[in-house]
file entry_16.cif (mmCIF, C-alpha atoms and all ligand atoms)
data_input
#
loop_
_atom_site.label_atom_id
_atom_site.label_comp_id
_atom_site.auth_asym_id
_atom_site.auth_seq_id
_atom_site.Cartn_x
_atom_site.Cartn_y
_atom_site.Cartn_z
CA MET A 1 15.20 -19.32 0.69
CA SER A 2 12.51 -18.95 -1.96
CA ALA A 3 12.62 -16.26 -4.66
CA PRO A 4 10.73 -13.01 -4.10
CA LEU A 5 7.24 -12.76 -5.57
CA LEU A 6 7.71 -9.06 -6.23
CA SER A 7 11.03 -7.32 -6.48
CA ILE A 8 11.22 -3.54 -6.89
CA ARG A 9 14.55 -1.82 -7.56
CA GLU A 10 15.29 1.90 -7.80
CA LEU A 11 11.69 2.72 -8.65
CA GLY A 12 11.13 6.30 -9.71
CA VAL A 13 7.92 8.15 -10.63
CA SER A 14 7.96 11.69 -11.91
CA PHE A 15 5.65 14.13 -13.62
CA PRO A 16 7.04 16.31 -16.42
CA ARG A 17 6.26 20.03 -16.18
CA LYS A 18 6.23 22.68 -18.89
CA GLU A 19 9.40 24.78 -18.88
CA ALA A 20 10.51 23.39 -15.52
CA PRO A 21 12.29 20.26 -14.31
CA SER A 22 10.03 17.24 -13.69
CA THR A 23 8.53 16.76 -10.27
CA THR A 24 9.82 13.54 -8.75
CA VAL A 25 7.34 11.96 -6.33
CA VAL A 26 8.98 8.53 -5.90
CA GLU A 27 12.75 8.01 -5.99
CA GLY A 28 15.09 5.07 -5.44
CA VAL A 29 12.43 2.83 -3.91
CA SER A 30 13.59 -0.78 -3.55
CA PHE A 31 12.00 -3.67 -1.68
CA ASP A 32 10.94 -7.31 -2.08
CA ILE A 33 7.78 -9.14 -1.15
CA MET A 34 8.13 -12.85 -0.53
CA PRO A 35 5.33 -15.32 -1.38
CA GLY A 36 2.68 -15.23 1.36
CA GLU A 37 4.20 -12.23 3.13
CA ILE A 38 2.09 -9.32 4.44
CA VAL A 39 3.98 -6.05 4.13
CA GLY A 40 2.70 -2.65 5.25
CA ILE A 41 3.62 0.74 3.78
CA VAL A 42 3.10 3.73 6.08
CA GLY A 43 3.86 7.42 5.78
CA GLU A 44 2.21 10.80 5.77
CA SER A 45 -0.12 11.90 3.00
CA GLY A 46 1.79 12.60 -0.22
CA SER A 47 4.80 10.41 0.67
CA GLY A 48 4.39 8.33 -2.51
CA LYS A 49 2.70 5.22 -1.11
CA SER A 50 -0.08 5.07 -3.72
CA MET A 51 2.22 5.92 -6.63
CA THR A 52 4.52 3.07 -5.60
CA ALA A 53 1.62 0.60 -5.35
CA ARG A 54 0.01 1.74 -8.59
CA SER A 55 3.31 1.32 -10.46
CA VAL A 56 3.09 -2.43 -9.83
CA LEU A 57 -0.13 -2.73 -11.83
CA ARG A 58 0.82 0.02 -14.27
CA LEU A 59 -2.10 2.09 -13.01
CA LEU A 60 -0.26 5.42 -12.83
CA PRO A 61 -1.76 8.63 -14.22
CA LYS A 62 -1.05 8.93 -17.98
CA SER A 63 1.39 11.79 -17.57
CA ALA A 64 3.59 9.90 -15.06
CA GLU A 65 7.05 8.69 -16.06
CA LEU A 66 8.24 5.44 -14.53
CA SER A 67 11.85 4.31 -14.07
CA GLY A 68 13.55 1.37 -12.39
CA SER A 69 12.70 -2.30 -12.25
CA ILE A 70 9.54 -4.07 -11.05
CA ARG A 71 9.73 -7.83 -11.32
CA PHE A 72 6.80 -10.10 -10.60
CA ARG A 73 7.83 -13.77 -10.47
CA GLY A 74 10.97 -12.71 -12.29
CA ARG A 75 9.15 -10.93 -15.13
CA GLU A 76 9.70 -7.24 -15.75
CA ILE A 77 6.31 -5.52 -15.45
CA PRO A 78 7.24 -2.27 -17.27
CA GLU A 79 8.14 -4.39 -20.33
CA MET A 80 4.89 -6.40 -20.46
CA THR A 81 2.44 -5.82 -23.31
CA ASP A 82 -0.98 -4.37 -22.48
CA GLU A 83 -2.50 -7.81 -23.00
CA GLU A 84 -0.04 -9.44 -20.59
CA ILE A 85 -0.82 -6.77 -18.02
CA ARG A 86 -4.56 -7.35 -18.44
CA ASP A 87 -4.07 -11.10 -17.93
CA MET A 88 -2.02 -10.45 -14.83
CA ARG A 89 -4.47 -8.02 -13.23
CA GLY A 90 -7.08 -9.80 -11.20
CA ALA A 91 -5.65 -13.28 -11.76
CA LEU A 92 -2.19 -12.88 -10.26
CA VAL A 93 -2.14 -9.41 -8.75
CA SER A 94 -5.19 -7.43 -7.78
CA MET A 95 -5.82 -4.19 -6.02
CA VAL A 96 -8.39 -2.78 -3.60
CA PHE A 97 -8.65 0.99 -3.72
CA GLN A 98 -9.57 3.71 -1.27
CA ASP A 99 -12.73 4.71 -3.12
CA PRO A 100 -14.91 1.74 -4.04
CA MET A 101 -17.53 3.90 -5.81
CA THR A 102 -15.17 4.68 -8.66
CA SER A 103 -14.09 1.06 -8.95
CA PHE A 104 -17.53 -0.30 -9.83
CA ASN A 105 -19.44 0.50 -12.99
CA PRO A 106 -22.56 2.32 -11.69
CA VAL A 107 -24.93 0.88 -14.33
CA LEU A 108 -24.10 -2.81 -13.82
CA ARG A 109 -25.26 -5.05 -10.99
CA ILE A 110 -22.61 -5.82 -8.36
CA GLY A 111 -22.96 -9.59 -8.83
CA ASP A 112 -22.55 -9.34 -12.61
CA GLN A 113 -19.38 -7.31 -12.19
CA ILE A 114 -17.86 -9.81 -9.76
CA GLY A 115 -18.99 -12.66 -12.04
CA GLU A 116 -17.31 -11.01 -15.00
CA ALA A 117 -14.07 -10.67 -13.04
CA ILE A 118 -14.16 -14.40 -12.30
CA ALA A 119 -15.13 -15.40 -15.87
CA LEU A 120 -12.28 -13.35 -17.33
CA HIS A 121 -9.69 -15.63 -15.79
CA ASP A 122 -11.78 -18.78 -15.36
CA ARG A 123 -9.86 -21.74 -16.70
CA ALA A 124 -12.68 -24.08 -15.60
CA ARG A 125 -15.12 -22.08 -17.79
CA ARG A 126 -17.98 -22.52 -15.37
CA GLY A 127 -21.55 -21.89 -16.51
CA ARG A 128 -23.81 -19.01 -15.43
CA ARG A 129 -25.30 -20.89 -12.53
CA ALA A 130 -21.93 -21.96 -11.11
CA LEU A 131 -20.70 -18.38 -11.51
CA ARG A 132 -23.73 -17.05 -9.62
CA ASP A 133 -23.07 -19.53 -6.80
CA ARG A 134 -19.43 -18.50 -6.62
CA VAL A 135 -20.38 -14.80 -6.48
CA ALA A 136 -22.84 -15.47 -3.66
CA LYS A 137 -20.17 -17.43 -1.76
CA LEU A 138 -17.70 -14.57 -2.13
CA LEU A 139 -20.24 -11.99 -0.95
CA ALA A 140 -21.07 -14.20 2.03
CA LEU A 141 -17.35 -14.49 2.78
CA VAL A 142 -17.07 -10.71 3.12
CA GLY A 143 -20.05 -10.67 5.49
CA ILE A 144 -22.85 -9.53 3.18
CA ALA A 145 -26.20 -10.94 4.33
CA ASP A 146 -28.60 -12.44 1.73
CA PRO A 147 -25.73 -12.62 -0.76
CA ALA A 148 -27.67 -14.16 -3.67
CA GLU A 149 -30.29 -11.41 -3.38
CA ARG A 150 -27.80 -8.58 -2.80
CA ALA A 151 -25.76 -9.64 -5.84
CA ARG A 152 -28.61 -8.18 -7.91
CA SER A 153 -28.11 -4.71 -6.43
CA TYR A 154 -26.48 -1.78 -8.21
CA PRO A 155 -23.46 -0.06 -6.62
CA HIS A 156 -25.49 2.96 -5.40
CA GLU A 157 -27.81 0.61 -3.50
CA PHE A 158 -24.89 -0.50 -1.31
CA SER A 159 -23.57 1.51 1.63
CA GLY A 160 -19.91 2.62 1.49
CA GLY A 161 -18.91 -0.26 3.77
CA MET A 162 -20.77 -2.83 1.69
CA ARG A 163 -19.20 -1.53 -1.52
CA GLN A 164 -15.76 -1.80 0.07
CA ARG A 165 -16.47 -5.38 1.06
CA ALA A 166 -17.89 -6.23 -2.37
CA LEU A 167 -14.78 -4.75 -3.95
CA THR A 168 -12.60 -6.85 -1.68
CA ALA A 169 -14.64 -9.91 -2.73
CA MET A 170 -13.97 -9.05 -6.38
CA ALA A 171 -10.26 -8.54 -5.75
CA VAL A 172 -9.87 -11.91 -4.02
CA ALA A 173 -12.18 -13.82 -6.41
CA ASN A 174 -9.32 -15.49 -8.27
CA SER A 175 -7.09 -16.02 -5.20
CA PRO A 176 -4.33 -13.80 -6.58
CA ALA A 177 -0.72 -14.39 -5.55
CA LEU A 178 -0.48 -10.73 -4.53
CA LEU A 179 -3.15 -8.35 -3.30
CA ILE A 180 -2.42 -4.65 -3.10
CA ALA A 181 -4.76 -2.92 -0.68
CA ASP A 182 -4.57 0.89 -0.69
CA GLU A 183 -6.21 2.25 2.48
CA PRO A 184 -8.85 -0.50 2.28
CA THR A 185 -10.49 0.48 5.56
CA THR A 186 -10.10 4.26 5.77
CA ALA A 187 -13.69 5.16 4.91
CA LEU A 188 -15.25 2.39 6.99
CA ASP A 189 -16.62 2.30 10.50
CA VAL A 190 -14.66 0.32 13.05
CA THR A 191 -16.73 -2.90 12.92
CA VAL A 192 -16.54 -3.10 9.14
CA GLN A 193 -12.83 -2.25 9.28
CA ASP A 194 -12.33 -5.30 11.48
CA GLN A 195 -14.28 -7.51 9.07
CA VAL A 196 -12.22 -6.39 6.08
CA LEU A 197 -8.97 -6.91 8.00
CA SER A 198 -10.06 -10.39 9.14
CA LEU A 199 -10.88 -11.19 5.54
CA LEU A 200 -7.39 -10.16 4.45
CA ARG A 201 -5.87 -12.27 7.20
CA GLU A 202 -7.98 -15.31 6.21
CA LEU A 203 -7.09 -14.87 2.57
CA ASN A 204 -3.43 -14.82 3.49
CA GLU A 205 -3.70 -17.89 5.71
CA ASN A 206 -5.95 -19.97 3.46
CA SER A 207 -4.76 -19.06 -0.02
CA GLY A 208 -1.20 -17.94 0.74
CA THR A 209 -1.91 -14.59 -0.91
CA ALA A 210 0.84 -12.05 -0.26
CA ILE A 211 -0.49 -8.61 0.68
CA LEU A 212 0.95 -5.14 0.24
CA LEU A 213 -1.09 -3.00 2.60
CA ILE A 214 -0.98 0.78 2.38
CA THR A 215 -2.31 2.51 5.43
CA HIS A 216 -2.10 5.49 7.76
CA ASN A 217 -3.08 3.26 10.62
CA ILE A 218 -0.15 1.97 12.68
CA ALA A 219 -2.47 -0.30 14.72
CA VAL A 220 -3.48 -2.08 11.51
CA VAL A 221 0.18 -2.59 10.61
CA ALA A 222 0.92 -3.91 14.09
CA SER A 223 -1.87 -6.48 13.92
CA LEU A 224 -1.46 -7.65 10.33
CA CYS A 225 2.01 -7.06 8.91
CA ARG A 226 5.22 -8.96 9.56
CA ARG A 227 7.22 -6.26 7.84
CA VAL A 228 6.74 -2.54 7.49
CA ILE A 229 8.14 -0.02 5.03
CA VAL A 230 8.13 3.63 6.08
CA MET A 231 8.03 6.21 3.28
CA TYR A 232 8.86 9.89 3.44
CA ALA A 233 9.05 12.36 0.55
CA GLY A 234 8.97 9.57 -2.06
CA ARG A 235 11.71 7.51 -0.42
CA VAL A 236 11.85 4.40 1.73
CA ILE A 237 13.44 5.71 4.93
CA GLU A 238 13.05 2.58 7.05
CA ASP A 239 12.21 -1.05 6.28
CA GLY A 240 12.21 -3.87 8.79
CA PRO A 241 10.33 -6.40 10.94
CA THR A 242 7.18 -4.70 12.30
CA ASP A 243 7.82 -5.43 15.99
CA GLU A 244 11.36 -4.05 15.73
CA VAL A 245 10.41 -0.91 13.75
CA LEU A 246 7.46 -0.09 15.99
CA THR A 247 9.21 -0.69 19.31
CA ALA A 248 12.72 0.51 18.46
CA PRO A 249 12.55 2.74 15.37
CA ARG A 250 15.93 3.75 13.97
CA HIS A 251 14.89 6.67 11.75
CA PRO A 252 13.90 9.93 13.50
CA TYR A 253 10.92 10.23 11.15
CA THR A 254 9.59 6.79 12.13
CA TRP A 255 10.08 7.76 15.76
CA SER A 256 8.19 11.04 15.26
CA LEU A 257 5.41 9.23 13.40
CA LEU A 258 4.98 6.83 16.31
CA GLN A 259 4.95 9.71 18.79
CA SER A 260 1.95 11.13 16.95
CA VAL A 261 -0.09 7.91 17.24
CA PRO A 262 -2.48 7.44 20.19
CA ARG A 263 -1.57 4.44 22.33
CA ILE A 264 -4.14 2.46 24.25
CA ASP A 265 -1.65 1.74 27.03
CA GLN A 266 -0.89 5.43 27.50
CA ALA A 267 -4.35 6.96 27.65
CA GLY A 268 -4.20 10.64 28.44
CA THR A 269 -0.67 11.24 27.12
CA ARG A 270 -0.52 14.20 24.77
CA LEU A 271 0.24 13.49 21.18
CA THR A 272 3.04 15.37 19.57
CA ALA A 273 2.33 16.19 15.95
CA ILE A 274 5.46 16.27 13.78
CA LYS A 275 6.48 19.91 13.47
CA GLY A 276 6.78 21.40 9.99
CA GLN A 277 5.67 20.15 6.60
CA PRO A 278 7.04 17.49 4.24
CA PRO A 279 9.05 19.06 1.39
CA ASP A 280 7.25 20.16 -1.76
CA PRO A 281 8.31 17.67 -4.48
CA ALA A 282 8.45 20.55 -6.99
CA THR A 283 11.26 22.27 -5.04
CA PRO A 284 14.54 20.29 -4.84
CA LEU A 285 15.93 19.90 -1.32
CA ALA A 286 19.58 18.94 -0.70
CA GLY A 287 20.52 16.26 1.79
CA CYS A 288 18.18 14.06 3.78
CA LYS A 289 14.59 15.02 2.93
CA PHE A 290 13.65 14.94 6.63
CA HIS A 291 16.49 17.16 7.91
CA PRO A 292 14.50 20.44 8.21
CA ARG A 293 12.11 18.69 10.63
CA CYS A 294 14.64 16.47 12.39
CA PRO A 295 15.59 17.34 16.00
CA TRP A 296 18.96 15.57 15.61
CA ALA A 297 20.03 16.94 12.19
CA GLU A 298 23.73 17.80 11.74
CA GLN A 299 25.43 19.76 8.98
CA ARG A 300 26.00 16.80 6.64
CA CYS A 301 22.29 15.87 6.88
CA GLY A 302 21.50 19.06 4.96
CA GLU A 303 24.25 18.44 2.41
CA GLN A 304 24.21 14.80 1.41
CA GLU A 305 21.40 12.30 1.20
CA PRO A 306 22.10 9.03 3.02
CA ALA A 307 21.43 5.66 1.33
CA LEU A 308 19.11 3.02 2.76
CA SER A 309 21.67 0.94 4.68
CA PRO A 310 21.37 -2.31 6.62
CA ILE A 311 21.27 -1.80 10.38
CA GLY A 312 20.20 -5.20 11.62
CA GLU A 313 18.89 -8.43 10.27
CA ALA A 314 16.44 -7.54 7.47
CA HIS A 315 16.29 -3.97 8.80
CA GLY A 316 17.39 -0.93 6.79
CA VAL A 317 17.46 2.80 7.53
CA ARG A 318 18.18 5.89 5.43
CA CYS A 319 19.86 8.09 8.03
CA TRP A 320 23.36 9.40 8.82
CA LEU A 321 22.67 9.10 12.55
CA PRO A 322 20.40 6.11 13.10
CA MET A 323 18.96 6.47 16.55
CA ASN A 324 18.69 3.95 19.32
CA GLY A 325 15.94 3.63 21.90
CA ILE A 326 17.95 5.51 24.54
CA ALA A 327 18.44 8.59 22.36
CA ALA A 328 14.72 8.68 21.60
CA ALA A 329 13.73 8.36 25.26
CA ALA A 330 16.11 11.15 26.23
CA GLN A 331 14.39 13.66 23.94
N1 LIG B 401 -1.34 13.37 -11.61
C1 LIG B 401 -0.42 13.91 -10.82
N2 LIG B 401 0.37 14.93 -11.23
C2 LIG B 401 1.33 15.46 -10.45
N3 LIG B 401 1.56 15.06 -9.19
C3 LIG B 401 0.80 14.06 -8.70
C4 LIG B 401 -0.22 13.42 -9.48
N4 LIG B 401 -0.80 12.47 -8.71
C5 LIG B 401 -0.17 12.50 -7.52
N5 LIG B 401 0.80 13.43 -7.51
C6 LIG B 401 1.71 13.75 -6.39
O1 LIG B 401 2.47 12.61 -6.07
C7 LIG B 401 2.84 12.64 -4.70
C8 LIG B 401 2.66 11.28 -4.09
O2 LIG B 401 1.27 10.97 -4.07
P1 LIG B 401 0.70 9.59 -3.49
O3 LIG B 401 -0.77 9.56 -3.84
O4 LIG B 401 1.53 8.45 -3.94
O5 LIG B 401 0.88 9.80 -1.92
P2 LIG B 401 0.33 8.90 -0.73
O6 LIG B 401 1.49 8.68 0.17
O7 LIG B 401 -0.35 7.68 -1.27
O8 LIG B 401 -0.71 9.88 -0.06
P3 LIG B 401 -2.16 9.56 0.59
O9 LIG B 401 -1.86 8.88 1.87
O10 LIG B 401 -2.74 10.93 0.78
O11 LIG B 401 -2.90 8.71 -0.40
C9 LIG B 401 2.01 13.75 -4.06
O12 LIG B 401 2.85 14.87 -3.83
C10 LIG B 401 0.97 14.06 -5.11
O13 LIG B 401 0.60 15.42 -5.04
#

call {"tool": "encode", "arguments": {"input": "entry_16.cif", "output": "structure tokens"}}
result
Amino acid sequence: MSAPLLSIRELGVSFPRKEAPSTTVVEGVSFDIMPGEIVGIVGESGSGKSMTARSVLRLLPKSAELSGSIRFRGREIPEMTDEEIRDMRGALVSMVFQDPMTSFNPVLRIGDQIGEAIALHDRARRGRRALRDRVAKLLALVGIADPAERARSYPHEFSGGMRQRALTAMAVANSPALLIADEPTTALDVTVQDQVLSLLRELNENSGTAILLITHNIAVVASLCRRVIVMYAGRVIEDGPTDEVLTAPRHPYTWSLLQSVPRIDQAGTRLTAIKGQPPDPATPLAGCKFHPRCPWAEQRCGEQEPALSPIGEAHGVRCWLPMNGIAAAAQ
């Protein structure tokens, strides 16, 4: 078996507070991404998905404190110099964000910005003309009509969907080994969502780029990801093959999350929202972080936090009472 491309162990992210203990928003997160693998991270808002992803590129807010190990091709990212990190960003690992407006410089033309991203890591040192051609090709690849002409536009002249696609073009320009996509389709209409997702799939198939995809959308995970990581209150609570996790979830939270997703094959069924709220990271909670909302919680669930333990082949769950399909159906 080949070595992991990315290996995260016991990752922690916390924010110090004045005269109070730090707020921990990510704790004990561990997972690997193999070369060419597409892995999804799902979970409610505030579960720590973005903080986990941003840790990989050292793009956390300044006040954040990072702990644990993040190895990319065996090298420890937290120990890299700023220059090494800059070299790595874009060339080896790149990221597509939720809000493409803040990712482009508003006073520079889109094409120039993509060209600059290519030139920064361009071993072939292509000339201006070759760069322009490459930019136009990339814009065409993400479905932008008249790409050579549109490359001369400024970010505000693009619609939200076009900016998102242009940003994706910039992120894939150097065929990185790993692409981190944080809610890449949330703000887009359905047709554009499909185009961006097809682009990610093509990139994976043609360039072997591994993808870490953060999303709220279970349907996107089902169609794109071989593996899915479920986060809750800053922890990984389930991690396994997508088909297994989505059809036979073992953590009550994953099960509840799936109950709250509309299913095409069950039109008309009422959705059950998960009762209660996720815990406030500023207030420590003993035991399993999901126990106050869990229909199956027992006494020990409120006292001791379970570890993420193997429950099948390449499947792990952080629960004292991992459920089976029968228990879920009986509820
Ligand atoms: N600068 C900050 N200072 C303190 N807490 C922060 C800061 N930025 C984020 N947080 C907290 O970190 C926690 C995790 O946030 P994160 O953005 O990783 O969640 P998420 O799962 O990606 O949510 P969403 O799906 O809404 O993007 C949240 O409780 C958030 O309020």

call {"tool": "atom_distance", "arguments": {"input": "entry_16.cif", "atom1": "CA of Pro310 in chain A", "atom2": "CA of Arg71 in chain A"}}
result
22.1 Å

call {"tool": "atom_distance", "arguments": {"input": "entry_16.cif", "atom1": "CA of Arg9 in chain A", "atom2": "CA of Ser67 in chain A"}}
result
9.3 Å

call {"tool": "atom_distance", "arguments": {"input": "entry_16.cif", "atom1": "CA of Arg109 in chain A", "atom2": "CA of Leu131 in chain A"}}
result
14.1 Å

call {"tool": "residues_near_ligand", "arguments": {"input": "entry_16.cif", "ligand": "ligand LIG 401 (chain B)", "cutoff": "9 Å", "atoms": "all atoms listed in the file", "output": "short mmCIF file (atom, residue, chain, number, x, y, z; two decimals) with C-alpha atoms, in the frame of the given file"}}
result
data_model
loop_
_atom_site.label_atom_id
_atom_site.label_comp_id
_atom_site.auth_asym_id
_atom_site.auth_seq_id
_atom_site.Cartn_x
_atom_site.Cartn_y
_atom_site.Cartn_z
CA VAL A 13 7.92 8.15 -10.63
CA SER A 14 7.96 11.69 -11.91
CA PHE A 15 5.65 14.13 -13.62
CA PRO A 16 7.04 16.31 -16.42
CA ARG A 17 6.26 20.03 -16.18
CA THR A 23 8.53 16.76 -10.27
CA THR A 24 9.82 13.54 -8.75
CA VAL A 25 7.34 11.96 -6.33
CA VAL A 26 8.98 8.53 -5.90
CA ILE A 41 3.62 0.74 3.78
CA VAL A 42 3.10 3.73 6.08
CA GLY A 43 3.86 7.42 5.78
CA GLU A 44 2.21 10.80 5.77
CA SER A 45 -0.12 11.90 3.00
CA GLY A 46 1.79 12.60 -0.22
CA SER A 47 4.80 10.41 0.67
CA GLY A 48 4.39 8.33 -2.51
CA LYS A 49 2.70 5.22 -1.11
CA SER A 50 -0.08 5.07 -3.72
CA MET A 51 2.22 5.92 -6.63
CA THR A 52 4.52 3.07 -5.60
CA ALA A 53 1.62 0.60 -5.35
CA ARG A 54 0.01 1.74 -8.59
CA LEU A 60 -0.26 5.42 -12.83
CA PRO A 61 -1.76 8.63 -14.22
CA LYS A 62 -1.05 8.93 -17.98
CA SER A 63 1.39 11.79 -17.57
CA ALA A 64 3.59 9.90 -15.06
CA GLN A 98 -9.57 3.71 -1.27
CA ASP A 182 -4.57 0.89 -0.69
CA GLU A 183 -6.21 2.25 2.48
CA ILE A 214 -0.98 0.78 2.38
CA THR A 215 -2.31 2.51 5.43
CA HIS A 216 -2.10 5.49 7.76
CA MET A 231 8.03 6.21 3.28
CA TYR A 232 8.86 9.89 3.44
CA ALA A 233 9.05 12.36 0.55
CA GLY A 234 8.97 9.57 -2.06
CA ASP A 280 7.25 20.16 -1.76
CA PRO A 281 8.31 17.67 -4.48
CA ALA A 282 8.45 20.55 -6.99
#

call {"tool": "closest_residue", "arguments": {"input": "entry_16.cif", "among": "A:Val236, A:Leu120, A:Leu6, A:Val29", "to": "Phe72 in chain A", "atoms": "all atoms listed in the file"}}
result
A:Leu6

call {"tool": "closest_atom_pairs", "arguments": {"input": "entry_16.cif", "of": "range 218-250 of chain A", "to": "range 30-39 of chain A", "cutoff": "8 Å", "atoms": "only C-alpha atoms", "output": "tab-separated table"}}
result
residue	atom	partner	partner_atom	distance
A:Leu224	CA	A:Ile38	CA	7.1
A:Cys225	CA	A:Ile38	CA	5.0
A:Arg226	CA	A:Ile38	CA	6.0
A:Arg227	CA	A:Val39	CA	4.9
A:Val228	CA	A:Val39	CA	5.6
A:Ile229	CA	A:Val39	CA	7.4
A:Val236	CA	A:Ser30	CA	7.6

call {"tool": "closest_residue", "arguments": {"input": "entry_16.cif", "among": "A:Ser198, A:Ser256, A:Thr168, A:Gln113", "to": "Ser153 in chain A", "atoms": "all atoms listed in the file"}}
result
A:Gln113

call {"tool": "residues_around", "arguments": {"input": "entry_16.cif", "residues": "range 143-146 of chain A", "least_positions_apart": "2", "cutoff": "8 Å", "atoms": "only C-alpha atoms", "output": "compact mmCIF listing (two decimals) with C-alpha atoms, keeping the file's coordinate frame"}}
result
# COMPACT_ATOMS: atom_id res chain seq x y z
CA LEU A 139 -20.24 -11.99 -0.95
CA ALA A 140 -21.07 -14.20 2.03
CA LEU A 141 -17.35 -14.49 2.78
CA ALA A 148 -27.67 -14.16 -3.67
CA GLU A 149 -30.29 -11.41 -3.38
CA ARG A 150 -27.80 -8.58 -2.80
CA MET A 162 -20.77 -2.83 1.69
CA ARG A 165 -16.47 -5.38 1.06
CA GLN A 195 -14.28 -7.51 9.07

call {"tool": "closest_residue", "arguments": {"input": "entry_16.cif", "among": "A:Arg163, A:Arg125, A:His291, A:Arg86", "to": "Glu305 in chain A", "atoms": "all atoms listed in the file"}}
result
A:His291

call {"tool": "axis_aligned_box", "arguments": {"input": "entry_16.cif", "around": "range 81-87 of chain A", "padding_each_side": "5 Å", "output": "AutoDock Vina command-line options"}}
result
--center_x -1.1 --center_y -7.7 --center_z -20.6 --size_x 17.0 --size_y 16.7 --size_z 15.4

call {"tool": "closest_residue", "arguments": {"input": "entry_16.cif", "among": "A:Gly40, A:Ile211, A:Leu246, A:Pro295", "to": "Val261 in chain A", "atoms": "all atoms listed in the file"}}
result
A:Leu246

call {"tool": "closest_residue", "arguments": {"input": "entry_16.cif", "among": "A:Pro155, A:Pro184, A:Pro284, A:Gly316", "to": "Leu212 in chain A", "atoms": "all atoms listed in the file"}}
result
A:Pro184

call {"tool": "residues_around", "arguments": {"input": "entry_16.cif", "residues": "Arg250 in chain A", "least_positions_apart": "6", "cutoff": "8 Å", "atoms": "all atoms listed in the file", "output": "list in words"}}
result
Glu238, Val317, Pro322, Met323, Asn324 and Gly325 of chain A

call {"tool": "residues_around", "arguments": {"input": "entry_16.cif", "residues": "Arg89 in chain A", "least_positions_apart": "5", "cutoff": "12 Å", "atoms": "only C-alpha atoms", "output": "PyMOL selection string"}}
result
chain A and resi 54+56-59+72+77+80+82-84+94-96+117-118+120-121+170-180

call {"tool": "residues_around", "arguments": {"input": "entry_16.cif", "residues": "Arg132 in chain A", "least_positions_apart": "2", "cutoff": "8 Å", "atoms": "all atoms listed in the file", "output": "CSV table (one decimal) with C-alpha atoms, in the coordinates of the input"}}
result
chain,number,residue,atom,x,y,z
A,111,GLY,CA,-23.0,-9.6,-8.8
A,115,GLY,CA,-19.0,-12.7,-12.0
A,128,ARG,CA,-23.8,-19.0,-15.4
A,129,ARG,CA,-25.3,-20.9,-12.5
A,130,ALA,CA,-21.9,-22.0,-11.1
A,134,ARG,CA,-19.4,-18.5,-6.6
A,135,VAL,CA,-20.4,-14.8,-6.5
A,136,ALA,CA,-22.8,-15.5,-3.7
A,148,ALA,CA,-27.7,-14.2,-3.7

call {"tool": "residues_near_point", "arguments": {"input": "entry_16.cif", "point": "(9.6, 0.7, -9.5)", "cutoff": "6 Å", "atoms": "all atoms listed in the file", "output": "list in words"}}
result
Ile8, Arg9, Leu11, Gly12, Gly68, Ser69 and Ile70 of chain A

call {"tool": "closest_residue", "arguments": {"input": "entry_16.cif", "among": "A:Gly208, A:Gly302, A:Pro21, A:Gly240", "to": "Thr254 in chain A", "atoms": "only C-alpha atoms"}}
result
A:Gly240

call {"tool": "residues_around", "arguments": {"input": "entry_16.cif", "residues": "Gln299 in chain A", "least_positions_apart": "3", "cutoff": "12 Å", "atoms": "all atoms listed in the file", "output": "list in words"}}
result
Ala286, Gly287, Cys288, His291, Pro292, Cys294, Trp296, Gly302, Glu303, Gln304, Glu305, Trp320 and Leu321 of chain A
